[in-house]
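Below is the file input-v9.pdb, which contains PDB, C-alpha atoms and all ligand atoms.
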ATOM      1  CA  MET A1318     -10.076  -8.089  10.457  1.00  0.00           C
ATOM      2  CA  GLU A1319     -13.513  -6.654  11.166  1.00  0.00           C
ATOM      3  CA  THR A1320     -15.457  -5.383   8.165  1.00  0.00           C
ATOM      4  CA  LEU A1321     -16.036  -1.681   7.715  1.00  0.00           C
ATOM      5  CA  LYS A1322     -19.553  -0.709   8.809  1.00  0.00           C
ATOM      6  CA  ILE A1323     -21.497   0.895   5.956  1.00  0.00           C
ATOM      7  CA  ALA A1324     -24.359   3.364   6.345  1.00  0.00           C
ATOM      8  CA  PRO A1325     -26.130   4.286   3.067  1.00  0.00           C
ATOM      9  CA  SER A1326     -27.552   7.809   3.225  1.00  0.00           C
ATOM     10  CA  ILE A1327     -31.192   7.862   2.160  1.00  0.00           C
ATOM     11  CA  LEU A1328     -30.687  11.478   1.037  1.00  0.00           C
ATOM     12  CA  SER A1329     -29.638   9.977  -2.304  1.00  0.00           C
ATOM     13  CA  ALA A1330     -32.544   7.515  -2.450  1.00  0.00           C
ATOM     14  CA  ASP A1331     -35.690   7.977  -4.541  1.00  0.00           C
ATOM     15  CA  ILE A1332     -38.146   9.005  -1.864  1.00  0.00           C
ATOM     16  CA  ALA A1333     -41.104   8.081  -4.099  1.00  0.00           C
ATOM     17  CA  ASN A1334     -40.002   4.441  -3.821  1.00  0.00           C
ATOM     18  CA  LEU A1335     -38.708   4.470  -0.288  1.00  0.00           C
ATOM     19  CA  SER A1336     -39.583   0.835   0.569  1.00  0.00           C
ATOM     20  CA  ALA A1337     -37.847  -0.521  -2.523  1.00  0.00           C
ATOM     21  CA  GLU A1338     -34.867   1.789  -1.987  1.00  0.00           C
ATOM     22  CA  VAL A1339     -34.487   0.656   1.620  1.00  0.00           C
ATOM     23  CA  GLU A1340     -34.822  -2.984   0.513  1.00  0.00           C
ATOM     24  CA  SER A1341     -32.021  -2.485  -2.040  1.00  0.00           C
ATOM     25  CA  VAL A1342     -29.499  -1.590   0.691  1.00  0.00           C
ATOM     26  CA  LYS A1343     -30.599  -4.093   3.349  1.00  0.00           C
ATOM     27  CA  THR A1344     -27.182  -5.784   3.468  1.00  0.00           C
ATOM     28  CA  ALA A1345     -25.643  -2.591   4.881  1.00  0.00           C
ATOM     29  CA  ASP A1346     -24.996  -2.152   8.610  1.00  0.00           C
ATOM     30  CA  TYR A1347     -27.004   1.027   9.315  1.00  0.00           C
ATOM     31  CA  LEU A1348     -29.288   3.458   7.500  1.00  0.00           C
ATOM     32  CA  HIS A1349     -28.060   7.059   7.618  1.00  0.00           C
ATOM     33  CA  VAL A1350     -30.772   9.725   7.845  1.00  0.00           C
ATOM     34  CA  ASP A1351     -29.811  13.364   7.175  1.00  0.00           C
ATOM     35  CA  ILE A1352     -31.969  15.903   8.985  1.00  0.00           C
ATOM     36  CA  MET A1353     -31.372  19.498   7.767  1.00  0.00           C
ATOM     37  CA  ASP A1354     -33.072  22.646   9.010  1.00  0.00           C
ATOM     38  CA  GLY A1355     -32.218  25.377   6.477  1.00  0.00           C
ATOM     39  CA  HIS A1356     -30.419  27.339   9.249  1.00  0.00           C
ATOM     40  CA  PHE A1357     -27.373  25.382  10.333  1.00  0.00           C
ATOM     41  CA  VAL A1358     -27.021  24.103   6.778  1.00  0.00           C
ATOM     42  CA  PRO A1359     -28.334  25.687   3.567  1.00  0.00           C
ATOM     43  CA  ASN A1360     -30.818  22.927   2.788  1.00  0.00           C
ATOM     44  CA  LEU A1361     -34.010  21.424   4.180  1.00  0.00           C
ATOM     45  CA  THR A1362     -34.846  17.740   4.298  1.00  0.00           C
ATOM     46  CA  TYR A1363     -37.235  15.945   6.618  1.00  0.00           C
ATOM     47  CA  GLY A1364     -38.215  15.604  10.278  1.00  0.00           C
ATOM     48  CA  PRO A1365     -38.982  12.842  12.788  1.00  0.00           C
ATOM     49  CA  GLY A1366     -41.828  11.524  10.589  1.00  0.00           C
ATOM     50  CA  ILE A1367     -39.386   9.961   8.138  1.00  0.00           C
ATOM     51  CA  VAL A1368     -37.496   8.316  11.003  1.00  0.00           C
ATOM     52  CA  LYS A1369     -40.764   6.699  12.115  1.00  0.00           C
ATOM     53  CA  VAL A1370     -41.460   5.464   8.586  1.00  0.00           C
ATOM     54  CA  LEU A1371     -37.942   4.066   8.195  1.00  0.00           C
ATOM     55  CA  LYS A1372     -38.208   2.302  11.528  1.00  0.00           C
ATOM     56  CA  ARG A1373     -41.320   0.580  10.233  1.00  0.00           C
ATOM     57  CA  ILE A1374     -39.937  -0.479   6.834  1.00  0.00           C
ATOM     58  CA  SER A1375     -36.310  -1.276   7.669  1.00  0.00           C
ATOM     59  CA  SER A1376     -34.681  -3.630  10.106  1.00  0.00           C
ATOM     60  CA  LEU A1377     -31.350  -1.783   9.998  1.00  0.00           C
ATOM     61  CA  PRO A1378     -30.427   0.427  12.950  1.00  0.00           C
ATOM     62  CA  LEU A1379     -31.069   4.092  12.179  1.00  0.00           C
ATOM     63  CA  ASP A1380     -28.080   6.453  12.251  1.00  0.00           C
ATOM     64  CA  VAL A1381     -29.698   9.883  12.482  1.00  0.00           C
ATOM     65  CA  HIS A1382     -27.498  12.882  11.640  1.00  0.00           C
ATOM     66  CA  LEU A1383     -28.992  16.122  12.956  1.00  0.00           C
ATOM     67  CA  MET A1384     -27.740  19.117  10.970  1.00  0.00           C
ATOM     68  CA  ILE A1385     -29.961  21.506  12.909  1.00  0.00           C
ATOM     69  CA  ASP A1386     -29.694  24.393  15.345  1.00  0.00           C
ATOM     70  CA  ASN A1387     -30.804  23.705  18.913  1.00  0.00           C
ATOM     71  CA  PRO A1388     -30.540  19.898  18.725  1.00  0.00           C
ATOM     72  CA  ALA A1389     -31.325  19.568  22.459  1.00  0.00           C
ATOM     73  CA  ALA A1390     -34.927  20.610  21.739  1.00  0.00           C
ATOM     74  CA  PHE A1391     -35.373  17.740  19.264  1.00  0.00           C
ATOM     75  CA  ALA A1392     -33.339  14.874  20.734  1.00  0.00           C
ATOM     76  CA  GLN A1393     -36.288  13.255  22.476  1.00  0.00           C
ATOM     77  CA  VAL A1394     -38.663  13.287  19.506  1.00  0.00           C
ATOM     78  CA  PHE A1395     -36.064  11.778  17.175  1.00  0.00           C
ATOM     79  CA  ILE A1396     -35.211   9.032  19.669  1.00  0.00           C
ATOM     80  CA  GLU A1397     -38.888   8.287  20.304  1.00  0.00           C
ATOM     81  CA  SER A1398     -39.333   8.094  16.522  1.00  0.00           C
ATOM     82  CA  GLY A1399     -36.694   5.377  16.270  1.00  0.00           C
ATOM     83  CA  ALA A1400     -33.172   6.841  16.094  1.00  0.00           C
ATOM     84  CA  ASP A1401     -30.698   4.231  17.354  1.00  0.00           C
ATOM     85  CA  ILE A1402     -27.735   6.585  17.026  1.00  0.00           C
ATOM     86  CA  LEU A1403     -28.377  10.323  17.371  1.00  0.00           C
ATOM     87  CA  THR A1404     -25.566  12.592  16.189  1.00  0.00           C
ATOM     88  CA  VAL A1405     -25.502  16.332  16.829  1.00  0.00           C
ATOM     89  CA  HIS A1406     -23.064  18.977  15.612  1.00  0.00           C
ATOM     90  CA  ALA A1407     -20.495  20.410  18.014  1.00  0.00           C
ATOM     91  CA  GLU A1408     -20.767  23.824  16.308  1.00  0.00           C
ATOM     92  CA  VAL A1409     -24.322  24.439  17.545  1.00  0.00           C
ATOM     93  CA  GLU A1410     -24.207  23.116  21.111  1.00  0.00           C
ATOM     94  CA  PRO A1411     -22.265  24.849  23.909  1.00  0.00           C
ATOM     95  CA  HIS A1412     -23.243  22.144  26.440  1.00  0.00           C
ATOM     96  CA  LEU A1413     -22.264  19.044  24.536  1.00  0.00           C
ATOM     97  CA  HIS A1414     -21.455  16.994  27.627  1.00  0.00           C
ATOM     98  CA  ARG A1415     -24.952  17.509  28.977  1.00  0.00           C
ATOM     99  CA  LEU A1416     -26.675  16.805  25.653  1.00  0.00           C
ATOM    100  CA  VAL A1417     -24.639  13.644  25.030  1.00  0.00           C
ATOM    101  CA  HIS A1418     -25.729  12.252  28.385  1.00  0.00           C
ATOM    102  CA  GLN A1419     -29.342  13.278  27.755  1.00  0.00           C
ATOM    103  CA  ILE A1420     -29.260  11.311  24.492  1.00  0.00           C
ATOM    104  CA  LYS A1421     -27.861   8.257  26.276  1.00  0.00           C
ATOM    105  CA  ASP A1422     -30.440   8.556  29.064  1.00  0.00           C
ATOM    106  CA  LEU A1423     -33.159   8.584  26.411  1.00  0.00           C
ATOM    107  CA  GLY A1424     -31.859   5.223  25.211  1.00  0.00           C
ATOM    108  CA  ALA A1425     -29.903   6.053  22.040  1.00  0.00           C
ATOM    109  CA  LYS A1426     -26.211   6.027  21.245  1.00  0.00           C
ATOM    110  CA  ALA A1427     -24.749   9.537  21.263  1.00  0.00           C
ATOM    111  CA  GLY A1428     -22.648  10.906  18.425  1.00  0.00           C
ATOM    112  CA  VAL A1429     -21.043  14.290  17.827  1.00  0.00           C
ATOM    113  CA  SER A1430     -20.183  15.547  14.360  1.00  0.00           C
ATOM    114  CA  LEU A1431     -17.522  18.048  13.287  1.00  0.00           C
ATOM    115  CA  ASN A1432     -17.613  20.228  10.175  1.00  0.00           C
ATOM    116  CA  PRO A1433     -14.420  20.204   8.090  1.00  0.00           C
ATOM    117  CA  SER A1434     -13.113  23.403   9.729  1.00  0.00           C
ATOM    118  CA  THR A1435     -13.803  22.318  13.339  1.00  0.00           C
ATOM    119  CA  PRO A1436     -10.739  20.771  14.996  1.00  0.00           C
ATOM    120  CA  VAL A1437     -10.879  17.430  16.816  1.00  0.00           C
ATOM    121  CA  SER A1438      -9.508  19.204  19.898  1.00  0.00           C
ATOM    122  CA  VAL A1439     -13.027  20.522  20.712  1.00  0.00           C
ATOM    123  CA  LEU A1440     -13.986  16.942  21.635  1.00  0.00           C
ATOM    124  CA  GLU A1441     -10.806  15.883  23.380  1.00  0.00           C
ATOM    125  CA  SER A1442     -12.149  16.342  26.924  1.00  0.00           C
ATOM    126  CA  ILE A1443     -15.352  14.380  26.344  1.00  0.00           C
ATOM    127  CA  LEU A1444     -14.194  11.623  23.983  1.00  0.00           C
ATOM    128  CA  PRO A1445     -14.831   8.859  26.576  1.00  0.00           C
ATOM    129  CA  ASP A1446     -18.417  10.121  26.986  1.00  0.00           C
ATOM    130  CA  LEU A1447     -19.185   9.653  23.285  1.00  0.00           C
ATOM    131  CA  ASP A1448     -20.366   6.547  21.476  1.00  0.00           C
ATOM    132  CA  LEU A1449     -19.441   7.957  18.079  1.00  0.00           C
ATOM    133  CA  VAL A1450     -17.573  10.827  16.403  1.00  0.00           C
ATOM    134  CA  LEU A1451     -18.714  11.765  12.905  1.00  0.00           C
ATOM    135  CA  ILE A1452     -16.103  13.542  10.815  1.00  0.00           C
ATOM    136  CA  MET A1453     -17.572  15.454   7.882  1.00  0.00           C
ATOM    137  CA  THR A1454     -15.482  15.132   4.745  1.00  0.00           C
ATOM    138  CA  VAL A1455     -17.656  17.652   2.870  1.00  0.00           C
ATOM    139  CA  ASN A1456     -19.321  20.804   4.125  1.00  0.00           C
ATOM    140  CA  PRO A1457     -22.704  19.472   5.212  1.00  0.00           C
ATOM    141  CA  GLY A1458     -25.878  20.340   3.329  1.00  0.00           C
ATOM    142  CA  PHE A1459     -25.937  18.319   0.136  1.00  0.00           C
ATOM    143  CA  GLY A1460     -25.290  14.856  -1.228  1.00  0.00           C
ATOM    144  CA  GLY A1461     -22.959  14.303  -4.155  1.00  0.00           C
ATOM    145  CA  GLN A1462     -20.180  16.711  -3.114  1.00  0.00           C
ATOM    146  CA  LYS A1463     -16.444  16.079  -3.484  1.00  0.00           C
ATOM    147  CA  PHE A1464     -14.441  14.478  -0.670  1.00  0.00           C
ATOM    148  CA  ILE A1465     -12.030  16.955   1.013  1.00  0.00           C
ATOM    149  CA  PRO A1466      -8.604  15.202   1.043  1.00  0.00           C
ATOM    150  CA  SER A1467      -7.133  17.256   3.919  1.00  0.00           C
ATOM    151  CA  MET A1468      -9.633  15.519   6.221  1.00  0.00           C
ATOM    152  CA  LEU A1469      -7.398  12.425   6.112  1.00  0.00           C
ATOM    153  CA  TYR A1470      -4.967  14.196   8.492  1.00  0.00           C
ATOM    154  CA  LYS A1471      -7.847  14.968  10.818  1.00  0.00           C
ATOM    155  CA  LEU A1472      -9.043  11.358  10.764  1.00  0.00           C
ATOM    156  CA  LYS A1473      -5.572  10.083  11.620  1.00  0.00           C
ATOM    157  CA  LYS A1474      -5.293  12.579  14.476  1.00  0.00           C
ATOM    158  CA  LEU A1475      -8.641  11.447  15.863  1.00  0.00           C
ATOM    159  CA  ARG A1476      -7.681   7.759  15.518  1.00  0.00           C
ATOM    160  CA  THR A1477      -4.556   8.394  17.610  1.00  0.00           C
ATOM    161  CA  LEU A1478      -6.549  10.236  20.275  1.00  0.00           C
ATOM    162  CA  VAL A1479      -9.219   7.532  20.421  1.00  0.00           C
ATOM    163  CA  ASP A1480      -6.626   4.759  20.623  1.00  0.00           C
ATOM    164  CA  SER A1481      -5.023   6.462  23.612  1.00  0.00           C
ATOM    165  CA  LEU A1482      -8.217   5.718  25.603  1.00  0.00           C
ATOM    166  CA  GLN A1483      -9.076   2.467  27.366  1.00  0.00           C
ATOM    167  CA  PRO A1484     -10.787   0.126  24.842  1.00  0.00           C
ATOM    168  CA  GLU A1485     -14.164   0.395  26.600  1.00  0.00           C
ATOM    169  CA  ASP A1486     -14.036   4.209  26.398  1.00  0.00           C
ATOM    170  CA  ARG A1487     -13.324   4.451  22.676  1.00  0.00           C
ATOM    171  CA  PRO A1488     -16.007   6.012  20.460  1.00  0.00           C
ATOM    172  CA  VAL A1489     -16.625   4.685  16.949  1.00  0.00           C
ATOM    173  CA  ILE A1490     -15.139   6.886  14.211  1.00  0.00           C
ATOM    174  CA  GLU A1491     -17.593   7.559  11.392  1.00  0.00           C
ATOM    175  CA  VAL A1492     -16.960   9.560   8.234  1.00  0.00           C
ATOM    176  CA  ASP A1493     -19.487  11.256   5.940  1.00  0.00           C
ATOM    177  CA  GLY A1494     -19.308  12.970   2.560  1.00  0.00           C
ATOM    178  CA  GLY A1495     -18.011  12.181  -0.918  1.00  0.00           C
ATOM    179  CA  ILE A1496     -17.048   8.585  -0.215  1.00  0.00           C
ATOM    180  CA  LYS A1497     -17.280   6.096  -3.050  1.00  0.00           C
ATOM    181  CA  ILE A1498     -15.724   2.792  -4.093  1.00  0.00           C
ATOM    182  CA  ASP A1499     -12.707   4.563  -5.603  1.00  0.00           C
ATOM    183  CA  ASN A1500     -11.651   6.444  -2.445  1.00  0.00           C
ATOM    184  CA  ILE A1501     -12.978   4.277   0.402  1.00  0.00           C
ATOM    185  CA  LYS A1502      -9.675   2.470   0.802  1.00  0.00           C
ATOM    186  CA  ILE A1503      -7.684   5.580   1.738  1.00  0.00           C
ATOM    187  CA  VAL A1504     -10.432   6.509   4.195  1.00  0.00           C
ATOM    188  CA  ALA A1505     -10.355   3.016   5.696  1.00  0.00           C
ATOM    189  CA  GLN A1506      -6.577   3.257   6.034  1.00  0.00           C
ATOM    190  CA  ALA A1507      -6.971   6.439   8.076  1.00  0.00           C
ATOM    191  CA  GLY A1508      -8.554   4.227  10.729  1.00  0.00           C
ATOM    192  CA  VAL A1509     -12.303   4.780  10.474  1.00  0.00           C
ATOM    193  CA  ASP A1510     -14.838   2.220  11.699  1.00  0.00           C
ATOM    194  CA  MET A1511     -17.971   3.322   9.886  1.00  0.00           C
ATOM    195  CA  VAL A1512     -18.602   5.033   6.533  1.00  0.00           C
ATOM    196  CA  VAL A1513     -21.617   6.949   5.241  1.00  0.00           C
ATOM    197  CA  SER A1514     -22.172   6.896   1.503  1.00  0.00           C
ATOM    198  CA  GLY A1515     -25.135   8.374  -0.354  1.00  0.00           C
ATOM    199  CA  SER A1516     -24.502   8.844  -4.064  1.00  0.00           C
ATOM    200  CA  GLY A1517     -21.593   6.382  -3.835  1.00  0.00           C
ATOM    201  CA  ILE A1518     -24.126   3.609  -3.199  1.00  0.00           C
ATOM    202  CA  PHE A1519     -27.474   4.751  -4.585  1.00  0.00           C
ATOM    203  CA  LYS A1520     -26.044   5.899  -7.923  1.00  0.00           C
ATOM    204  CA  THR A1521     -24.342   2.570  -8.620  1.00  0.00           C
ATOM    205  CA  PRO A1522     -26.100  -0.109 -10.692  1.00  0.00           C
ATOM    206  CA  ASP A1523     -25.627  -2.961  -8.192  1.00  0.00           C
ATOM    207  CA  ARG A1524     -26.032  -1.527  -4.715  1.00  0.00           C
ATOM    208  CA  ALA A1525     -25.618  -4.832  -2.885  1.00  0.00           C
ATOM    209  CA  GLN A1526     -22.324  -5.419  -4.644  1.00  0.00           C
ATOM    210  CA  THR A1527     -21.120  -1.882  -3.874  1.00  0.00           C
ATOM    211  CA  ILE A1528     -21.994  -2.362  -0.206  1.00  0.00           C
ATOM    212  CA  ASN A1529     -20.174  -5.697  -0.112  1.00  0.00           C
ATOM    213  CA  LEU A1530     -17.051  -4.198  -1.702  1.00  0.00           C
ATOM    214  CA  MET A1531     -17.173  -1.285   0.729  1.00  0.00           C
ATOM    215  CA  GLN A1532     -17.589  -3.559   3.763  1.00  0.00           C
ATOM    216  CA  ASN A1533     -14.556  -5.549   2.669  1.00  0.00           C
ATOM    217  CA  SER A1534     -12.425  -2.637   1.485  1.00  0.00           C
ATOM    218  CA  ARG A1535      -9.906  -3.148   4.292  1.00  0.00           C
ATOM    219  CA  LEU A1536      -9.204  -6.668   3.066  1.00  0.00           C
ATOM    220  CA  HIS A1537      -8.232  -6.007  -0.550  1.00  0.00           C
TER     221      HIS A1537
HETATM  222  C1  LIG A1601     -24.120  15.772   3.708  1.00  0.00           C
HETATM  223  C2  LIG A1601     -24.796  14.625   4.414  1.00  0.00           C
HETATM  224  C3  LIG A1601     -24.339  13.317   3.900  1.00  0.00           C
HETATM  225  C4  LIG A1601     -24.712  13.042   2.461  1.00  0.00           C
HETATM  226  C5  LIG A1601     -23.659  12.170   1.883  1.00  0.00           C
HETATM  227  O1  LIG A1601     -24.486  16.949   4.299  1.00  0.00           O
HETATM  228  O2  LIG A1601     -24.524  14.663   5.811  1.00  0.00           O
HETATM  229  O3  LIG A1601     -24.758  12.241   4.731  1.00  0.00           O
HETATM  230  O4  LIG A1601     -25.962  12.423   2.319  1.00  0.00           O
HETATM  231  O5  LIG A1601     -23.842  12.054   0.520  1.00  0.00           O
HETATM  232  P1  LIG A1601     -22.660  11.660  -0.450  1.00  0.00           P
HETATM  233  O6  LIG A1601     -22.144  10.318  -0.013  1.00  0.00           O
HETATM  234  O7  LIG A1601     -23.305  11.633  -1.805  1.00  0.00           O
HETATM  235  O8  LIG A1601     -21.580  12.725  -0.332  1.00  0.00           O
HETATM  236 ZN    ZN A1602     -24.957  12.782   6.979  1.00  0.00          ZN
END
What would the structure in this file look like if it were written as structure tokens?
Amino acid sequence: METLKIAPSILSADIANLSAEVESVKTADYLHVDIMDGHFVPNLTYGPGIVKVLKRISSLPLDVHLMIDNPAAFAQVFIESGADILTVHAEVEPHLHRLVHQIKDLGAKAGVSLNPSTPVSVLESILPDLDLVLIMTVNPGFGGQKFIPSMLYKLKKLRTLVDSLQPEDRPVIEVDGGIKIDNIKIVAQAGVDMVVSGSGIFKTPDRAQTINLMQNSRLH
């Protein structure tokens, strides 16, 4: 069985020691970068500059999660800065089909994220156009929040929809928020491919070991 893909969120890293923090999670599969604008979500983080820095100091592919209004205006700069996957929120973009194809044309993989209260049905018509669907299991804005258990139903629903597509049309299912060693197994069983974890990795004493356990959580 394939391992679960793990994306540590640098939101929980010590930004004063970014190189060492990035080095400590190098056995992961991606680096997750949370971009917040203080409008779509009630918090501010960083811009394309940090993506450029991470591209320079890390060899992991960058999984950039845009929690911003008007993502179409910023897609190009984030991709030029080094985003390998660019994920936008469905709630802020009325022309998702167009934006997803713009992201792909700019050379990145295109993801769409859903807040906990947004149903998977909003993506049903464009699922084959997407490289990735990111299901939020907390309300976005902050690290260290509690996983919302009712999202397991949503994940299972999405898995069924995705599996009804031809294999080459199936987007990756990613999940983000409140995931740690003690609940990753139930998330994995809901059929996800890729897991974001911030505090669940950075706040553990042996990050490499946590990442290894998470990657293999489907096996035990
Ligand atoms: C939340 C962010 C998450 C966050 C996850 O708005 O999108 O990526 O960093 O942090 P944890 O794993 O601590 O919930
Ligand atoms: Zn995120």
Around all listed atoms of ligand LIG 1601 (chain A), padded 5 Å per side, what centre and edge lengths does the axis-aligned box have in Å to one decimal, as AutoDock Vina command-line options?
--center_x -23.8 --center_y 13.6 --center_z 2.0 --size_x 14.4 --size_y 16.6 --size_z 17.6
Neighbours of ligand ZN 1602 (chain A) at 7 Å or closer, counting only C-alpha atoms and all ligand atoms: which residues, as a list in words?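 Using only C-alpha atoms and all ligand atoms, I find these residues within 7 Å of ligand ZN 1602 (chain A): Ser1326, His1349, Val1350, Asp1351, His1382, Asp1493 and Val1513 of chain A.
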Contacts between ligand LIG 1601 (chain A) and chain A, please, where a residue of chain A counts if it comes within 6 Å (with all atoms listed in the file); show its shortest atom pair and distance in Å to one decimal, rows by chain and ascending number, as JSON lines.
{"residue": "A:Ser1326", "atom": "CA", "partner": "A:LIG1601", "partner_atom": "O4", "distance": 5.0}
{"residue": "A:Leu1328", "atom": "CA", "partner": "A:LIG1601", "partner_atom": "O4", "distance": 5.0}
{"residue": "A:Asp1351", "atom": "CA", "partner": "A:LIG1601", "partner_atom": "O2", "distance": 5.6}
{"residue": "A:Pro1457", "atom": "CA", "partner": "A:LIG1601", "partner_atom": "O1", "distance": 3.2}
{"residue": "A:Gly1458", "atom": "CA", "partner": "A:LIG1601", "partner_atom": "O1", "distance": 3.8}
{"residue": "A:Phe1459", "atom": "CA", "partner": "A:LIG1601", "partner_atom": "O1", "distance": 4.6}
{"residue": "A:Gly1460", "atom": "CA", "partner": "A:LIG1601", "partner_atom": "O5", "distance": 3.6}
{"residue": "A:Gly1461", "atom": "CA", "partner": "A:LIG1601", "partner_atom": "O7", "distance": 3.6}
{"residue": "A:Gln1462", "atom": "CA", "partner": "A:LIG1601", "partner_atom": "O8", "distance": 5.1}
{"residue": "A:Asp1493", "atom": "CA", "partner": "A:LIG1601", "partner_atom": "O3", "distance": 5.5}
{"residue": "A:Gly1494", "atom": "CA", "partner": "A:LIG1601", "partner_atom": "O8", "distance": 3.7}
{"residue": "A:Gly1495", "atom": "CA", "partner": "A:LIG1601", "partner_atom": "O8", "distance": 3.7}
{"residue": "A:Ile1496", "atom": "CA", "partner": "A:LIG1601", "partner_atom": "O6", "distance": 5.4}
{"residue": "A:Ser1514", "atom": "CA", "partner": "A:LIG1601", "partner_atom": "O6", "distance": 3.7}
{"residue": "A:Gly1515", "atom": "CA", "partner": "A:LIG1601", "partner_atom": "O6", "distance": 3.6}
{"residue": "A:Ser1516", "atom": "CA", "partner": "A:LIG1601", "partner_atom": "O7", "distance": 3.8}
{"residue": "A:Gly1517", "atom": "CA", "partner": "A:LIG1601", "partner_atom": "O6", "distance": 5.5}
Which is closer to Gln1526 in chain A than all the others in A:Ile1498, A:Ala1425, A:Val1509, A:Ile1465, using only C-alpha atoms? A:Ile1498
Selection: 12 Å around range 1520-1525 of chain A, all atoms listed in the file, excl. self and same-chain fewer than 3 positions, as number ranges by chain: A: 1323, 1325-1331, 1338-1346, 1460-1461, 1497-1498, 1514-1517, 1528-1532
Dump of C-alpha atoms for the selected residues, as an mmCIF file, in the coordinates of the input:
data_model
loop_
_atom_site.group_PDB
_atom_site.id
_atom_site.type_symbol
_atom_site.label_atom_id
_atom_site.label_comp_id
_atom_site.auth_asym_id
_atom_site.auth_seq_id
_atom_site.Cartn_x
_atom_site.Cartn_y
_atom_site.Cartn_z
ATOM 1 C CA ILE A 1323 -21.497 0.895 5.956
ATOM 2 C CA PRO A 1325 -26.130 4.286 3.067
ATOM 3 C CA SER A 1326 -27.552 7.809 3.225
ATOM 4 C CA ILE A 1327 -31.192 7.862 2.160
ATOM 5 C CA LEU A 1328 -30.687 11.478 1.037
ATOM 6 C CA SER A 1329 -29.638 9.977 -2.304
ATOM 7 C CA ALA A 1330 -32.544 7.515 -2.450
ATOM 8 C CA ASP A 1331 -35.690 7.977 -4.541
ATOM 9 C CA GLU A 1338 -34.867 1.789 -1.987
ATOM 10 C CA VAL A 1339 -34.487 0.656 1.620
ATOM 11 C CA GLU A 1340 -34.822 -2.984 0.513
ATOM 12 C CA SER A 1341 -32.021 -2.485 -2.040
ATOM 13 C CA VAL A 1342 -29.499 -1.590 0.691
ATOM 14 C CA LYS A 1343 -30.599 -4.093 3.349
ATOM 15 C CA THR A 1344 -27.182 -5.784 3.468
ATOM 16 C CA ALA A 1345 -25.643 -2.591 4.881
ATOM 17 C CA ASP A 1346 -24.996 -2.152 8.610
ATOM 18 C CA GLY A 1460 -25.290 14.856 -1.228
ATOM 19 C CA GLY A 1461 -22.959 14.303 -4.155
ATOM 20 C CA LYS A 1497 -17.280 6.096 -3.050
ATOM 21 C CA ILE A 1498 -15.724 2.792 -4.093
ATOM 22 C CA SER A 1514 -22.172 6.896 1.503
ATOM 23 C CA GLY A 1515 -25.135 8.374 -0.354
ATOM 24 C CA SER A 1516 -24.502 8.844 -4.064
ATOM 25 C CA GLY A 1517 -21.593 6.382 -3.835
ATOM 26 C CA ILE A 1528 -21.994 -2.362 -0.206
ATOM 27 C CA ASN A 1529 -20.174 -5.697 -0.112
ATOM 28 C CA LEU A 1530 -17.051 -4.198 -1.702
ATOM 29 C CA MET A 1531 -17.173 -1.285 0.729
ATOM 30 C CA GLN A 1532 -17.589 -3.559 3.763
#
Near-range 1446-1455 of chain A list (8 Å; all atoms listed in the file; drop same-chain fewer than 3 positions) as a PyMOL selection string: chain A and resi 1404+1414+1417-1418+1426-1433+1443+1462-1466+1468+1472+1486-1495
Return as an NGL selection string the set of residues that the PyMOL selection byres (((chain A and resi 1384) around 7) and not hetatm) yields on the displayed structure. :A and (1352-1354 or 1357-1358 or 1382-1383 or 1385 or 1405-1406)
Counting only C-alpha atoms, the option among A:Ile1518, A:Met1511, A:Leu1377, A:Val1368 closest to Ile1396 in chain A: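 Checking each of A:Ile1518, A:Met1511, A:Leu1377, A:Val1368 against Ile1396 in chain A, counting only C-alpha atoms, the winner is A:Val1368.
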If you count all atoms listed in the file, which residues fall within 12 Å of Ile1367 in chain A, apart from same-chain ones fewer than 5 positions away, as a ChimeraX atom specification? /A:1327-1328,1332,1335-1336,1349-1352,1362,1372-1375,1379,1381,1394-1395,1398-1400
Work out how far apart CA of Ala1333 in chain A and CA of Tyr1347 in chain A are and give it in Å to one decimal.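 Taking CA of Ala1333 in chain A and CA of Tyr1347 in chain A, their separation equals 20.7 Å.
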Distance of CA of Ala1324 in chain A from CA of Asn1387 in chain A, expressed in Å to one decimal place: 24.8 Å
Point-to-point distance in Å for CA of Gln1393 in chain A and CA of Glu1441 in chain A: 25.6 Å
Name all residues at most 9 Å from Ala1389 in chain A (count all atoms listed in the file; drop same-chain ones fewer than 3 positions away) and give them as a list in words. Asp1386, Ala1392, Gln1393, Val1405, Glu1410, Leu1416, Gln1419 and Ile1420 of chain A
Do you know which residues are at most 12 Å from Glu1319 in chain A counting all atoms listed in the file, after dropping those on the same chain fewer than 3 positions away, and could you put them as a PyMOL selection string? chain A and resi 1322+1505+1508-1511+1532-1536
Return the single residue from A:Pro1359, A:Thr1527, A:Pro1411, A:Phe1391 that is closest to Asn1456 in chain A, with distances computed using all atoms listed in the file. A:Pro1359
Min atom-atom distance to Leu1444 in chain A from the set A:Leu1361, A:Ile1503, A:Leu1469, A:Leu1478, counting all atoms listed in the file, belongs to A:Leu1478
